[in-house]
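The structure appears below as structure tokens.
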Amino acid sequence: MVKAAKEIKQEPLEKQLWKAADKLRKNIDAAEYKHVVLGLIFLKYISDSFEEHFAKLQAGFGDYAGSDPEDKDEYKAENIFYVPPESRWPHLVAQAKQPDIGKFADAAMDAIEKENPSLKGVLPKVFARQNLDPASLGGLIDLVGNIALGDAKSRSADVLGHVFEYFLGEFALAEGKQGGQFYTPRSIVELLVMMLEPYKGRVFDPCCGSGGMFVQSEKFVEEHQGRINDISIYGQESNQTTWRLAKMNLAIRGIDSSQVKWNNEGSFLNDAHKDLKADFIIANPPFNVSDWSGELLRNDGRWQFGTPPAGNANFAWLQHFAYHLSPAGIAGVVLAKGALTSKTSGEGEIRKNLIAEGNLIDCIVNLPGKLFLNTQIPAGLWFMNRARNNGHPRKDQILFIDARNLGHLINRRTLELSREDIQKIASTYHAWRNASVIPAQAGIQPYEDIKGFCASVPVERVVELDYVLTPGRYVGLPDEEDDFDFPERFAALKAEFEAQLREEAVLSQAILENLARIKL
């Protein structure tokens, strides 16, 4: 009998590319190598976009009759970067085997910046460094050149954009703690965006990292047949290297990043968007930052609910977000879990004022551990909604969601939320928030409390618990845990522990006896 041929499962393109690119890394640190790889992906993207339009102009059909393919204004009118001859991908490929290929690549980046003012100071010029082997660089150029072949050519922006995002995540994993500073895990970004539904308006992230929140917002609108031009992006980043990544990440998606600003003072000392009132704020500020210049900002106008402690920026961030919300604006932000309960240095009073005076807190989501690359600090999501004071159907309640039991491991130390997890949390929030809408007409399930997972809690109950916002206090235990037999479980664990101790004692005794024999 002939055995059926074993089906070989093809890995996704981005995984194949990552493995190949990582092999070429050799002894270069991931933090340095990411600029080489991501820079080449970006160059390939703008070169592909340029060449596609160049061909249309050269053919001269219809609206392009009599056009000059080297006229820079023709590209500017279509929101396409003009790529000079020495920077075009075919020219780079032609030099890929040369020992000084690094100089050609740096010159290509330099020339693009000179022709496109919006990219000035953004692109990496790191290709001629001594620790980057020319043969490896040539191999990378060949690899990136294969990203958008055949029928993918016409959608190279999507392909290259997806690869760029995937590589950002993989580099963050490779860098570990430091890498997480510029990258918010994709599943958390997707959750925030799906809960907020930023279809239309001004989207703001004052600590925008590599721009993932913006990319996901645009993607959300596309997937839901919205209009991308209905969204305006505003951002700020204090780390210049990270800001450069954000600018490239947005450009490769065709997203206008002119209002994504950089200054090394940061959002507290030098707010780049002082007068902005945003419809949506999506952010993942650094947790528990102590050196945020709080002493210099004791009387700042943003502290409407209390002066945040100089030793921790958590409640400074929350008030910064609240300050920038429009009258109907909503914010979804990631924050260290300690902010849900802390009473030190006036933090408890600020939390109380956000709830009692501002009536801003709409929903709190307790996240599972191990989601973040750069910290093991437990985290939660805060949703602040100014519309609560303007006819919100749940204005006297707060929704608590405990998602600690969701997610799955993608490696030994990192957890990820699945699409189903994200949908479960987001749909719960939407059903709760849309209480005034008839579920049958809206096509949504009516909201219900689920023990151990979610609870809609009167604000009075939160007051009774001294404004503590930990979801576990309110959602209770799941039904299956209500019958938990503590004495029985304790006895079982004790027996298990004692058995393990006995096994270890026997093993230790055997080792000692063997050592004694060796000495004899």
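We name chains A, B, ... following the order of the structure tokens; residues begin at 1 in each chain, and ligands are numbered from 1 as shown.
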- [ ] Write out as an NGL selection string which residues come within 8 Å of region 233-244 of chain A when counting only C-alpha atoms, dropping same-chain ones fewer than 4 positions away.
- [x] :A and (121-123 or 182 or 202-210 or 214 or 248 or 256-257 or 259-267 or 272-273)
When you look at Asp133 (chain A) with a cut-off of 10 Å (counting only C-alpha atoms), what residues show up, excluding the ones that are within fewer than 2 positions of it in the same chain? I need them as a short mmCIF file (atom, residue, chain, number, x, y, z; two decimals) with N, CA and C atoms, in the first residue's frame.
```cif
data_model
loop_
_atom_site.label_atom_id
_atom_site.label_comp_id
_atom_site.auth_asym_id
_atom_site.auth_seq_id
_atom_site.Cartn_x
_atom_site.Cartn_y
_atom_site.Cartn_z
N LEU A 24 21.34 36.09 8.88
CA LEU A 24 22.34 37.01 8.36
C LEU A 24 22.84 37.99 9.42
N ARG A 25 22.20 38.00 10.58
CA ARG A 25 22.57 38.96 11.63
C ARG A 25 23.96 38.68 12.19
N LYS A 26 24.27 37.40 12.36
CA LYS A 26 25.58 36.97 12.90
C LYS A 26 25.85 37.64 14.24
N ASN A 27 26.91 38.44 14.34
CA ASN A 27 27.30 38.96 15.66
C ASN A 27 26.78 40.37 15.93
N ILE A 28 25.82 40.84 15.13
CA ILE A 28 25.31 42.19 15.34
C ILE A 28 24.17 42.17 16.35
N PRO A 99 31.94 45.17 -2.54
CA PRO A 99 32.45 45.23 -1.16
C PRO A 99 32.06 46.51 -0.43
N ASP A 100 31.75 47.57 -1.20
CA ASP A 100 31.34 48.84 -0.56
C ASP A 100 29.84 49.09 -0.71
N ILE A 101 29.05 48.02 -0.72
CA ILE A 101 27.61 48.14 -0.83
C ILE A 101 27.02 49.00 0.29
N GLY A 102 27.64 48.99 1.47
CA GLY A 102 27.16 49.79 2.59
C GLY A 102 27.15 51.27 2.28
N PHE A 127 24.61 51.54 7.16
CA PHE A 127 24.94 50.37 6.35
C PHE A 127 26.43 50.18 6.09
N ALA A 128 27.23 51.24 6.29
CA ALA A 128 28.67 51.14 6.02
C ALA A 128 29.49 50.83 7.28
N ARG A 129 28.80 50.47 8.36
CA ARG A 129 29.53 50.17 9.61
C ARG A 129 30.37 48.91 9.44
N GLN A 130 31.50 48.89 10.15
CA GLN A 130 32.46 47.79 9.98
C GLN A 130 31.91 46.44 10.44
N ASN A 131 31.01 46.44 11.44
CA ASN A 131 30.52 45.16 11.95
C ASN A 131 29.43 44.56 11.07
N ALA A 135 28.81 40.98 2.53
CA ALA A 135 28.13 39.81 1.95
C ALA A 135 26.76 39.61 2.60
N SER A 136 26.69 39.81 3.93
CA SER A 136 25.41 39.69 4.63
C SER A 136 24.44 40.78 4.21
N LEU A 137 24.95 42.00 4.02
CA LEU A 137 24.10 43.10 3.56
C LEU A 137 23.57 42.81 2.16
N GLY A 138 24.43 42.28 1.29
CA GLY A 138 23.99 41.90 -0.05
C GLY A 138 22.92 40.82 0.01
N GLY A 139 23.09 39.87 0.93
CA GLY A 139 22.08 38.82 1.12
C GLY A 139 20.76 39.39 1.59
#
```
- [ ] Determine, counting only C-alpha atoms, which protein, DNA and RNA residues have an atom within 8 Å of an atom of Ser87 (chain A); residues of the same chain fewer than 6 positions away are not included. Present the result as a PyMOL selection string.
- [x] chain A and resi 47+105+107-109+111-112
Atoms kept (C-alpha atoms) for selection, written as a tab-separated table (two decimals), in the first residue's frame:
```tsv
chain	number	residue	atom	x	y	z
A	47	SER	CA	10.95	52.44	-4.46
A	105	ALA	CA	22.94	52.08	0.78
A	107	ALA	CA	24.02	57.32	-0.02
A	108	ALA	CA	20.60	56.07	-1.17
A	109	MET	CA	19.04	56.99	2.19
A	111	ALA	CA	19.50	61.22	-1.32
A	112	ILE	CA	15.90	60.30	-0.43
```
Open item on the list: Using only C-alpha atoms, can you tell me which of A:Ile330, A:Ile41, A:Asn390, A:Tyr75 comes closest to Ala283 (chain A)?
Closed with: A:Ile330
Open item on the list: Please identify the helix (DSSP H, G or I) residues within region 271-317 of chain A (assignment by DSSP from backbone atoms) and present them as a list of chain:residue names.
Closed with: A:Gly294, A:Glu295, A:Leu296, A:Leu297, A:Asn314, A:Phe315, A:Ala316, A:Trp317
Write a file of the selected residues as a PDB file, in the first residue's frame, keeping C-alpha atoms.
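Resulting contents of part-v4.pdb:
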```pdb
ATOM      1  CA  GLY A 294       7.209  66.270  38.365  1.00  0.00           C
ATOM      2  CA  GLU A 295       8.884  68.771  40.704  1.00  0.00           C
ATOM      3  CA  LEU A 296       8.992  71.315  37.867  1.00  0.00           C
ATOM      4  CA  LEU A 297       5.267  70.948  37.156  1.00  0.00           C
ATOM      5  CA  ASN A 314       1.002  57.198  36.395  1.00  0.00           C
ATOM      6  CA  PHE A 315      -1.574  59.761  37.500  1.00  0.00           C
ATOM      7  CA  ALA A 316       0.179  62.522  35.582  1.00  0.00           C
ATOM      8  CA  TRP A 317      -0.403  60.468  32.415  1.00  0.00           C
TER       9      TRP A 317
END
```
Task: Shell around Phe268 (chain A) at 8 Å using only C-alpha atoms, local window under 4 positions removed, as a PyMOL selection string - done: chain A and resi 292-293+320
- [ ] Go through A:Lys343, A:Lys44, A:Arg302, A:His162 one by one, measure the shortest atom-to-atom distance of each to Pro90 (chain A) using only C-alpha atoms, and give the residue with the smallest value.
- [x] A:Lys44
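Comparing A:Leu173, A:Leu465, A:Ile377, A:Ile147 by their smallest distance to Arg413 (chain A), the closest is A:Leu173 (using only C-alpha atoms).
Ranking A:Met195, A:Ala426, A:Leu38, A:Ile255 by their shortest atom-to-atom distance to Val144 (chain A), with only C-alpha atoms included, puts A:Leu38 first.
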Open item on the list: So, with only C-alpha atoms as the atoms that count, which of A:Val333, A:Leu40, A:Leu191, A:Asn312 lies closest to Tyr429 (chain A)?
Closed with: A:Leu191
Open item on the list: as a ChimeraX atom specification, please: every residue in region 324-476 of chain A that DSSP puts in strand (DSSP E).
Closed with: /A:325-336,361-366,379-385,397-402,408-409,415-416,454-458
Could the residues in this selection be written to a file with C-alpha atoms, as a short mmCIF file (atom, residue, chain, number, x, y, z; two decimals), in the first residue's frame?
```cif
data_model
loop_
_atom_site.label_atom_id
_atom_site.label_comp_id
_atom_site.auth_asym_id
_atom_site.auth_seq_id
_atom_site.Cartn_x
_atom_site.Cartn_y
_atom_site.Cartn_z
CA LEU A 325 -10.06 64.70 25.49
CA SER A 326 -12.77 66.47 23.50
CA PRO A 327 -16.23 66.90 25.15
CA ALA A 328 -17.27 63.51 23.73
CA GLY A 329 -13.76 62.03 23.65
CA ILE A 330 -12.80 58.59 24.93
CA ALA A 331 -9.39 57.26 25.99
CA GLY A 332 -8.11 53.70 26.25
CA VAL A 333 -4.75 53.42 28.00
CA VAL A 334 -2.48 50.79 29.51
CA LEU A 335 -1.31 51.39 33.07
CA ALA A 336 0.45 49.48 35.83
CA ILE A 361 -13.98 56.17 34.45
CA ASP A 362 -16.00 54.03 32.06
CA CYS A 363 -14.35 50.62 32.17
CA ILE A 364 -11.40 48.81 33.76
CA VAL A 365 -9.90 45.64 32.26
CA ASN A 366 -7.56 43.45 34.31
CA ALA A 379 -1.15 45.84 34.00
CA GLY A 380 -4.71 46.90 33.27
CA LEU A 381 -6.62 49.01 30.78
CA TRP A 382 -8.36 52.23 31.78
CA PHE A 383 -11.16 53.67 29.64
CA MET A 384 -12.03 57.29 30.34
CA ASN A 385 -15.11 58.73 28.64
CA GLN A 397 -21.96 52.59 36.57
CA ILE A 398 -18.46 51.31 35.83
CA LEU A 399 -17.80 48.13 33.88
CA PHE A 400 -15.17 45.79 35.34
CA ILE A 401 -13.66 43.00 33.21
CA ASP A 402 -11.26 40.43 34.64
CA HIS A 408 -1.97 31.73 25.45
CA LEU A 409 1.82 31.39 25.58
CA LEU A 415 1.64 35.55 26.50
CA GLU A 416 -0.66 36.74 23.71
CA CYS A 454 -17.44 40.98 34.08
CA ALA A 455 -19.70 43.11 36.27
CA SER A 456 -21.50 46.42 35.80
CA VAL A 457 -21.09 48.10 39.18
CA PRO A 458 -22.90 51.18 40.54
#
```
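Atom to atom, CA of Pro309 (chain A) and CA of Phe287 (chain A) stand 13.9 Å apart.
You can rank A:Arg412, A:Lys352, A:His392, A:Arg433 by their closest distance to Leu469 (chain A) using only C-alpha atoms, and at the top of that list sits A:Lys352.
CA of Asp291 (chain A) is found 23.6 Å from CA of Leu354 (chain A).
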- [ ] May I have the residues within 10 Å of Glu170 (chain A) as a ChimeraX atom specification, using only C-alpha atoms and disregarding those fewer than 5 positions away in the same chain?
- [x] /A:15,18,22,30,34,164-165,175-176,179
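One distance worth recording is that between CA of Leu168 (chain A) and CA of Arg253 (chain A), which is 14.3 Å.
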